[in-house]
Amino acid sequence: MSATDDLMEIQQLLARYAVAMTRGDVDRVLGVFTPDGSYSAFGDTYPLDEFPALIAAAPKGLFLVGTPVVELDGDTAAGTQPLCFVEHTEHRMRIGYYNDTYVRTPAGWRLRTRAMTFIRRSGAHDSGRPHAFERSRP
């Protein structure tokens with residue numbers, strides 16, 4: 001597989017994530033990650049088994065993503081992808097970017113880690129407010 005093929009596959013993987021998030025399709029969101037995948041935001045890191053609750057608690061709307069910048073390194077890669085999320089009821093926006101790591105699996109490229117950085121009106125870049133998502137603990 002050529003580097004161009006790898007980049008196209010990763011871009012399609014990230015497009016599937018954005019469309020699945022827009023549609024609220026949790027199973028398809030989970031499908032773009034490795035089984036040990038994680039998502040970081042709100043001052044914490046969430047393993048794949050916590051994604052359904054995290055997605056259910058998230059605002060709903062349109063996930064607009066830009067073309068990622070990806071650095072390939074054999075069967076792994078790292079990248080950054082810009083995001084503009086538009087909440088559906090009042091069209092409020094959240095802007096920022098994802099910092100990702102990817103791995104080639106037998107099923108193709110998958111996200112291993114995705115970390116959200118929000119860009120605030122002040123110009124600050126941060127991972128979000130820790131209280132924005134409350135985990136249920138046993």
# chains A, B, ... in the order shown; residues from 1 in each chain; ligands from 1

$ residues_around --residues "Ala15 in chain A" --least-positions-apart "3" --cutoff "10 Å" --atoms "only C-alpha atoms" --output "VMD selection string"
chain A and resid 9 to 12 18 to 21 32 63 to 67

$ write_last_selection --atoms "all heavy atoms" --output "mmCIF file, in the first residue's frame"
data_model
loop_
_atom_site.group_PDB
_atom_site.id
_atom_site.type_symbol
_atom_site.label_atom_id
_atom_site.label_comp_id
_atom_site.auth_asym_id
_atom_site.auth_seq_id
_atom_site.Cartn_x
_atom_site.Cartn_y
_atom_site.Cartn_z
ATOM 1 N N GLU A 9 -7.027 6.366 3.283
ATOM 2 C CA GLU A 9 -7.756 5.484 4.200
ATOM 3 C C GLU A 9 -7.958 6.163 5.553
ATOM 4 O O GLU A 9 -9.046 6.084 6.140
ATOM 5 C CB GLU A 9 -7.023 4.147 4.376
ATOM 6 C CG GLU A 9 -7.827 3.155 5.188
ATOM 7 C CD GLU A 9 -7.185 1.786 5.309
ATOM 8 O OE1 GLU A 9 -6.372 1.415 4.439
ATOM 9 O OE2 GLU A 9 -7.515 1.091 6.290
ATOM 10 N N ILE A 10 -6.951 6.848 6.053
ATOM 11 C CA ILE A 10 -7.084 7.568 7.327
ATOM 12 C C ILE A 10 -8.097 8.703 7.185
ATOM 13 O O ILE A 10 -8.937 8.910 8.076
ATOM 14 C CB ILE A 10 -5.713 8.077 7.810
ATOM 15 C CG1 ILE A 10 -4.844 6.889 8.254
ATOM 16 C CG2 ILE A 10 -5.873 9.088 8.946
ATOM 17 C CD1 ILE A 10 -3.397 7.229 8.522
ATOM 18 N N GLN A 11 -8.077 9.431 6.079
ATOM 19 C CA GLN A 11 -9.060 10.501 5.873
ATOM 20 C C GLN A 11 -10.479 9.945 5.862
ATOM 21 O O GLN A 11 -11.396 10.535 6.450
ATOM 22 C CB GLN A 11 -8.771 11.260 4.582
ATOM 23 C CG GLN A 11 -7.564 12.159 4.694
ATOM 24 C CD GLN A 11 -7.260 12.902 3.400
ATOM 25 O OE1 GLN A 11 -8.076 12.923 2.480
ATOM 26 N NE2 GLN A 11 -6.094 13.509 3.335
ATOM 27 N N GLN A 12 -10.686 8.803 5.212
ATOM 28 C CA GLN A 12 -12.009 8.185 5.191
ATOM 29 C C GLN A 12 -12.411 7.686 6.581
ATOM 30 O O GLN A 12 -13.579 7.779 6.963
ATOM 31 C CB GLN A 12 -12.059 7.046 4.164
ATOM 32 C CG GLN A 12 -12.101 7.530 2.740
ATOM 33 C CD GLN A 12 -13.340 8.371 2.480
ATOM 34 O OE1 GLN A 12 -14.472 7.898 2.599
ATOM 35 N NE2 GLN A 12 -13.127 9.645 2.167
ATOM 36 N N ALA A 18 -16.804 11.514 11.880
ATOM 37 C CA ALA A 18 -17.586 12.745 11.890
ATOM 38 C C ALA A 18 -19.035 12.491 11.499
ATOM 39 O O ALA A 18 -19.964 13.020 12.131
ATOM 40 C CB ALA A 18 -16.951 13.785 10.964
ATOM 41 N N VAL A 19 -19.261 11.680 10.486
ATOM 42 C CA VAL A 19 -20.634 11.375 10.058
ATOM 43 C C VAL A 19 -21.360 10.577 11.137
ATOM 44 O O VAL A 19 -22.519 10.852 11.455
ATOM 45 C CB VAL A 19 -20.643 10.639 8.695
ATOM 46 C CG1 VAL A 19 -22.029 10.093 8.366
ATOM 47 C CG2 VAL A 19 -20.157 11.572 7.596
ATOM 48 N N ALA A 20 -20.688 9.609 11.729
ATOM 49 C CA ALA A 20 -21.317 8.807 12.785
ATOM 50 C C ALA A 20 -21.653 9.670 14.000
ATOM 51 O O ALA A 20 -22.734 9.511 14.600
ATOM 52 C CB ALA A 20 -20.407 7.645 13.185
ATOM 53 N N MET A 21 -20.767 10.593 14.377
ATOM 54 C CA MET A 21 -21.070 11.497 15.498
ATOM 55 C C MET A 21 -22.254 12.394 15.146
ATOM 56 O O MET A 21 -23.134 12.619 15.979
ATOM 57 C CB MET A 21 -19.843 12.327 15.865
ATOM 58 C CG MET A 21 -18.758 11.542 16.574
ATOM 59 S SD MET A 21 -19.252 10.914 18.203
ATOM 60 C CE MET A 21 -19.386 12.443 19.131
ATOM 61 N N VAL A 32 -14.438 2.912 14.527
ATOM 62 C CA VAL A 32 -13.249 3.576 13.967
ATOM 63 C C VAL A 32 -12.053 3.510 14.914
ATOM 64 O O VAL A 32 -10.963 3.935 14.551
ATOM 65 C CB VAL A 32 -13.524 5.046 13.547
ATOM 66 C CG1 VAL A 32 -14.670 5.127 12.561
ATOM 67 C CG2 VAL A 32 -13.747 5.943 14.739
ATOM 68 N N PHE A 63 -20.869 17.776 13.021
ATOM 69 C CA PHE A 63 -19.412 17.723 13.195
ATOM 70 C C PHE A 63 -18.773 18.040 11.853
ATOM 71 O O PHE A 63 -18.786 17.204 10.952
ATOM 72 C CB PHE A 63 -18.972 16.338 13.676
ATOM 73 C CG PHE A 63 -19.231 16.094 15.127
ATOM 74 C CD1 PHE A 63 -20.520 15.879 15.585
ATOM 75 C CD2 PHE A 63 -18.196 16.094 16.036
ATOM 76 C CE1 PHE A 63 -20.766 15.664 16.922
ATOM 77 C CE2 PHE A 63 -18.435 15.884 17.383
ATOM 78 C CZ PHE A 63 -19.722 15.667 17.828
ATOM 79 N N LEU A 64 -18.245 19.241 11.699
ATOM 80 C CA LEU A 64 -17.539 19.638 10.488
ATOM 81 C C LEU A 64 -16.047 19.503 10.759
ATOM 82 O O LEU A 64 -15.534 20.114 11.689
ATOM 83 C CB LEU A 64 -17.851 21.088 10.132
ATOM 84 C CG LEU A 64 -19.286 21.400 9.769
ATOM 85 C CD1 LEU A 64 -19.491 22.916 9.667
ATOM 86 C CD2 LEU A 64 -19.638 20.730 8.463
ATOM 87 N N VAL A 65 -15.381 18.689 9.964
ATOM 88 C CA VAL A 65 -13.951 18.470 10.175
ATOM 89 C C VAL A 65 -13.175 18.864 8.925
ATOM 90 O O VAL A 65 -13.684 18.790 7.814
ATOM 91 C CB VAL A 65 -13.649 17.008 10.560
ATOM 92 C CG1 VAL A 65 -14.197 16.682 11.939
ATOM 93 C CG2 VAL A 65 -14.202 16.037 9.530
ATOM 94 N N GLY A 66 -11.950 19.296 9.154
ATOM 95 C CA GLY A 66 -11.063 19.631 8.049
ATOM 96 C C GLY A 66 -10.164 18.466 7.722
ATOM 97 O O GLY A 66 -10.123 17.449 8.424
ATOM 98 N N THR A 67 -9.421 18.622 6.656
ATOM 99 C CA THR A 67 -8.452 17.607 6.257
ATOM 100 C C THR A 67 -7.369 17.512 7.321
ATOM 101 O O THR A 67 -6.800 18.527 7.720
ATOM 102 C CB THR A 67 -7.829 17.974 4.899
ATOM 103 O OG1 THR A 67 -8.880 18.128 3.942
ATOM 104 C CG2 THR A 67 -6.857 16.902 4.434
#

$ residues_around --residues "Asp49 in chain A" --least-positions-apart "3" --cutoff "12 Å" --atoms "only C-alpha atoms" --output "list in words"
Val26, Asp27, Val29, Leu30, Phe33, Thr34, Pro35, Asp36, Gly37, Ser38, Tyr39, Thr45, Tyr46, Pro52, Ala53, Leu54 and Ile55 of chain A

$ residues_around --residues "range 94-107 of chain A" --least-positions-apart "4" --cutoff "7 Å" --atoms "only C-alpha atoms" --output "VMD selection string"
chain A and resid 75 to 86 111 to 119

$ closest_residue --among "A:Glu90, A:Leu13, A:Met1, A:Asp126" --to "Pro68 in chain A" --atoms "only C-alpha atoms"
A:Leu13

$ select_by_dssp --residues "chain A" --states "helix (DSSP H, G or I)" --output "count of residues only"
40

$ closest_residue --among "A:Thr22, A:Ser122, A:Ser2, A:Ser127" --to "Gly74 in chain A" --atoms "only C-alpha atoms"
A:Ser2

$ atom_distance --atom1 "CA of Met8 in chain A" --atom2 "CA of Val70 in chain A"
10.4 Å
